[in-house]
>>> print(open('start-v8.cif').read())   # mmCIF, C-alpha atoms
data_input
#
loop_
_atom_site.label_atom_id
_atom_site.label_comp_id
_atom_site.auth_asym_id
_atom_site.auth_seq_id
_atom_site.Cartn_x
_atom_site.Cartn_y
_atom_site.Cartn_z
CA MET C 12 -7.35 -78.49 24.90
CA ALA C 13 -9.75 -81.29 25.72
CA VAL C 14 -11.29 -82.94 22.67
CA LEU C 15 -14.88 -82.53 23.86
CA LEU C 16 -14.33 -78.87 24.78
CA ASN C 17 -12.80 -78.18 21.37
CA LYS C 18 -15.75 -79.88 19.67
CA ILE C 19 -18.25 -77.81 21.67
CA LEU C 20 -16.40 -74.54 21.02
CA LEU C 21 -16.42 -75.22 17.29
CA LYS C 22 -20.13 -75.99 17.30
CA TYR C 23 -21.53 -72.98 19.21
CA PRO C 24 -20.89 -69.23 18.76
CA VAL C 25 -19.65 -68.66 22.30
CA GLU C 26 -17.43 -66.03 23.83
CA GLU C 27 -15.26 -66.70 26.86
CA MET C 28 -15.96 -64.53 29.88
CA CYS C 29 -14.34 -64.15 33.29
CA GLY C 30 -15.56 -66.68 35.81
CA GLU C 31 -15.25 -67.44 39.48
CA ASN C 32 -13.29 -70.23 41.17
CA ASP C 33 -11.05 -70.79 38.11
CA PHE C 34 -14.01 -71.80 35.93
CA ARG C 35 -13.93 -70.52 32.35
CA VAL C 36 -17.39 -69.19 31.44
CA PHE C 37 -18.62 -69.58 27.86
CA SER C 38 -21.56 -67.38 26.95
CA ILE C 39 -23.73 -66.74 23.92
CA PRO C 40 -24.07 -63.11 22.76
CA PHE C 41 -27.57 -61.86 22.02
CA VAL C 42 -28.96 -58.66 20.56
CA ASP C 43 -30.18 -56.20 23.14
CA LYS C 44 -33.60 -55.23 21.77
CA VAL C 45 -33.65 -52.06 23.88
CA SER C 46 -30.21 -50.71 22.97
CA SER C 47 -28.70 -51.67 19.63
CA GLU C 48 -25.25 -50.60 20.87
CA GLU C 49 -24.83 -53.40 23.38
CA ASN C 50 -24.95 -57.16 23.48
CA LEU C 51 -26.41 -59.30 26.20
CA TYR C 52 -24.76 -62.54 27.20
CA SER C 53 -26.31 -65.74 28.45
CA GLU C 54 -24.10 -68.37 29.98
CA LEU C 55 -24.08 -71.63 28.05
CA PHE C 56 -21.66 -73.57 30.26
CA GLN C 57 -18.56 -73.34 32.43
CA TYR C 58 -15.38 -75.40 32.22
CA LEU C 59 -12.67 -76.02 34.82
CA ASP C 60 -9.40 -76.99 33.11
CA SER C 61 -7.61 -78.32 36.20
CA LYS C 62 -10.34 -80.86 37.03
CA LYS C 63 -11.82 -81.25 33.52
CA LYS C 64 -15.29 -80.51 34.81
CA TYR C 65 -18.23 -78.84 33.15
CA LYS C 66 -20.89 -76.82 34.93
CA ILE C 67 -24.24 -76.61 33.17
CA ASN C 68 -27.23 -75.02 34.92
CA ASP C 69 -25.25 -74.99 38.22
CA GLN C 70 -24.76 -78.76 38.01
CA GLU C 71 -21.20 -80.15 37.70
CA TYR C 72 -20.33 -82.97 35.30
CA SER C 73 -17.07 -84.80 34.66
CA SER C 74 -15.67 -84.52 31.15
CA ASN C 75 -16.43 -88.17 30.42
CA ASP C 76 -20.15 -87.80 31.16
CA GLN C 77 -22.13 -88.84 28.08
CA ASN C 78 -24.86 -86.23 28.65
CA ILE C 79 -22.72 -83.10 28.36
CA GLU C 80 -23.24 -82.48 24.64
CA LYS C 81 -26.95 -83.18 24.92
CA LEU C 82 -27.36 -80.81 27.89
CA ILE C 83 -25.41 -78.02 26.22
CA ASN C 84 -27.41 -78.47 23.02
CA GLN C 85 -30.69 -78.31 24.95
CA LYS C 86 -29.61 -75.16 26.76
CA PHE C 87 -28.43 -73.56 23.51
CA ASN C 88 -31.74 -74.32 21.79
CA GLN C 89 -33.63 -72.91 24.73
CA LEU C 90 -31.54 -69.71 24.73
CA GLN C 91 -31.80 -69.34 20.97
CA GLU C 92 -35.57 -69.82 21.04
CA ASN C 93 -36.05 -66.95 23.48
CA ASN C 94 -33.51 -64.48 22.04
CA ASP C 95 -32.06 -63.14 18.80
CA LEU C 96 -28.59 -64.55 18.40
CA TYR C 97 -25.93 -61.92 17.78
CA VAL C 98 -23.94 -63.13 14.80
CA GLN C 99 -21.73 -60.22 13.81
CA HIS C 100 -18.85 -62.67 13.55
CA GLU C 101 -18.94 -66.33 12.81
CA ASN C 102 -18.04 -68.63 15.64
CA ILE C 103 -14.79 -67.18 17.02
CA TYR C 104 -13.32 -70.59 17.78
CA LYS C 105 -13.96 -71.82 14.23
CA HIS C 106 -12.02 -68.81 12.97
CA PHE C 107 -9.13 -69.48 15.38
CA ASN C 108 -9.19 -73.18 14.55
CA ASN C 109 -8.98 -72.42 10.82
CA LEU C 110 -6.09 -70.00 11.39
CA THR C 111 -4.27 -72.57 13.51
CA GLN C 112 -4.64 -75.20 10.81
CA GLU C 113 -3.37 -72.78 8.16
CA ILE C 114 -0.34 -71.92 10.31
CA GLU C 115 0.42 -75.59 10.99
CA PHE C 116 0.16 -76.39 7.26
CA SER C 117 2.34 -73.39 6.38
CA ASP C 118 4.98 -74.41 8.95
CA PHE C 119 4.92 -77.97 7.64
CA LYS C 120 5.22 -76.72 4.06
CA ASN C 121 8.06 -74.35 4.99
CA CYS C 122 9.85 -77.15 6.80
CA GLN C 123 9.51 -79.38 3.73
CA GLU C 124 10.88 -76.60 1.54
CA LEU C 125 13.80 -76.01 3.91
CA ASN C 126 14.61 -79.73 4.00
CA SER C 127 14.51 -79.98 0.22
CA LEU C 128 16.74 -76.90 -0.12
CA GLN C 129 19.25 -78.35 2.31
CA ALA C 130 19.22 -81.67 0.47
CA GLU C 131 19.81 -79.89 -2.84
CA LEU C 132 22.92 -78.08 -1.61
CA GLU C 133 25.96 -79.47 -3.38
CA ASP C 134 28.40 -77.85 -0.98
CA PRO C 135 27.67 -78.84 2.65
CA THR C 136 30.18 -76.24 3.91
CA ARG C 137 27.55 -73.57 3.16
CA LEU C 138 25.80 -74.71 6.33
CA GLU C 139 28.89 -74.40 8.52
CA HIS C 140 27.84 -71.06 10.01
CA PHE C 141 24.57 -72.60 11.13
CA THR C 142 26.33 -75.63 12.58
CA ASP C 143 28.73 -73.34 14.47
CA TRP C 144 25.81 -71.35 15.83
CA ILE C 145 24.05 -74.52 17.01
CA ILE C 146 27.20 -75.75 18.77
CA ASP C 147 27.73 -72.35 20.47
CA TYR C 148 24.08 -72.22 21.51
CA ALA C 149 24.16 -75.77 22.91
CA ASN C 150 27.34 -75.02 24.85
CA SER C 151 26.05 -71.74 26.27
CA THR C 152 22.70 -73.20 27.35
CA GLY C 153 24.08 -76.50 28.57
CA LEU C 154 21.93 -78.58 26.23
#
>>> encode(input="start-v8.cif", output="structure tokens")
Amino acid sequence: MAVLLNKILLKYPVEEMCGENDFRVFSIPFVDKVSSEENLYSELFQYLDSKKKYKINDQEYSSNDQNIEKLINQKFNQLQENNDLYVQHENIYKHFNNLTQEIEFSDFKNCQELNSLQAELEDPTRLEHFTDWIIDYANSTGL
């Protein structure tokens, strides 16, 4: 994921919606003052992965444009000023980002534990079955 896009997703409580022409639409949920059972959504920006372009207020910007963060922040403030932000959940992307970091740390920790266990083995023949499996797998897949 692009660094700028990741930064923006972590900063604003957006939800991804279906878009047209391969653009990913990121919208802010608001409380529907008429019906408490539904949320309203206002588009904050769109992003096109293949071309790394942003669309804000129907204007396209390249991902290296210095004004993107400022424009998104202005639009967010404007939307927030006129509506009640729906904050049933914290920013979804912050939650996913935290989970991803926990998983990466856990995998790293597990890998360290596995390496230390393998290093502590006094009898290397205990790993023969694994070595045989690796050789069979490599031969069958052509690796």
>>> resolve_selection(input="start-v8.cif", expression="the PyMOL selection byres ((chain C and resi 79-87) around 8)", output="ChimeraX atom specification")
/C:19,55-56,65,67,72,74,76-78,88-91
>>> atom_distance(input="start-v8.cif", atom1="atom CA of Asp33 of chain C", atom2="atom CA of Asn75 of chain C")
19.8 Å
>>> atom_distance(input="start-v8.cif", atom1="atom CA of Asn17 of chain C", atom2="atom CA of Arg35 of chain C")
13.4 Å
>>> axis_aligned_box(input="start-v8.cif", around="segment 24-41 of chain C", padding_each_side="3 Å", output="AutoDock Vina command-line options")
--center_x -19.3 --center_y -66.8 --center_z 30.0 --size_x 22.5 --size_y 15.9 --size_z 28.4
>>> residues_near_point(input="start-v8.cif", point="(-14.8, -74.4, 34.5)", cutoff="7 Å", atoms="all atoms listed in the file", output="NGL selection string")
:C and (33-36 or 57-60 or 64-66)
>>> residues_around(input="start-v8.cif", residues="segment 104-110 of chain C", least_positions_apart="6", cutoff="9 Å", atoms="all atoms listed in the file", output="list in words")
Asn17, Leu20, Leu21, Lys22, Tyr23, Pro24, Val25 and Glu26 of chain C
>>> atom_distance(input="start-v8.cif", atom1="atom CA of Thr111 of chain C", atom2="atom CA of Leu16 of chain C")
16.4 Å
>>> closest_residue(input="start-v8.cif", among="C:Val14, C:Trp144, C:Ser53, C:Ile114", to="Glu27 of chain C", atoms="all atoms listed in the file")
C:Ser53
>>> closest_residue(input="start-v8.cif", among="C:Thr142, C:Leu15, C:Gly153, C:Ile39", to="Ser73 of chain C", atoms="all atoms listed in the file")
C:Leu15
>>> resolve_selection(input="start-v8.cif", expression="the PyMOL selection byres ((chain C and resi 51) around 6)", output="list of chain:residue names")
C:Pro40, C:Phe41, C:Asp43, C:Asn50, C:Tyr52
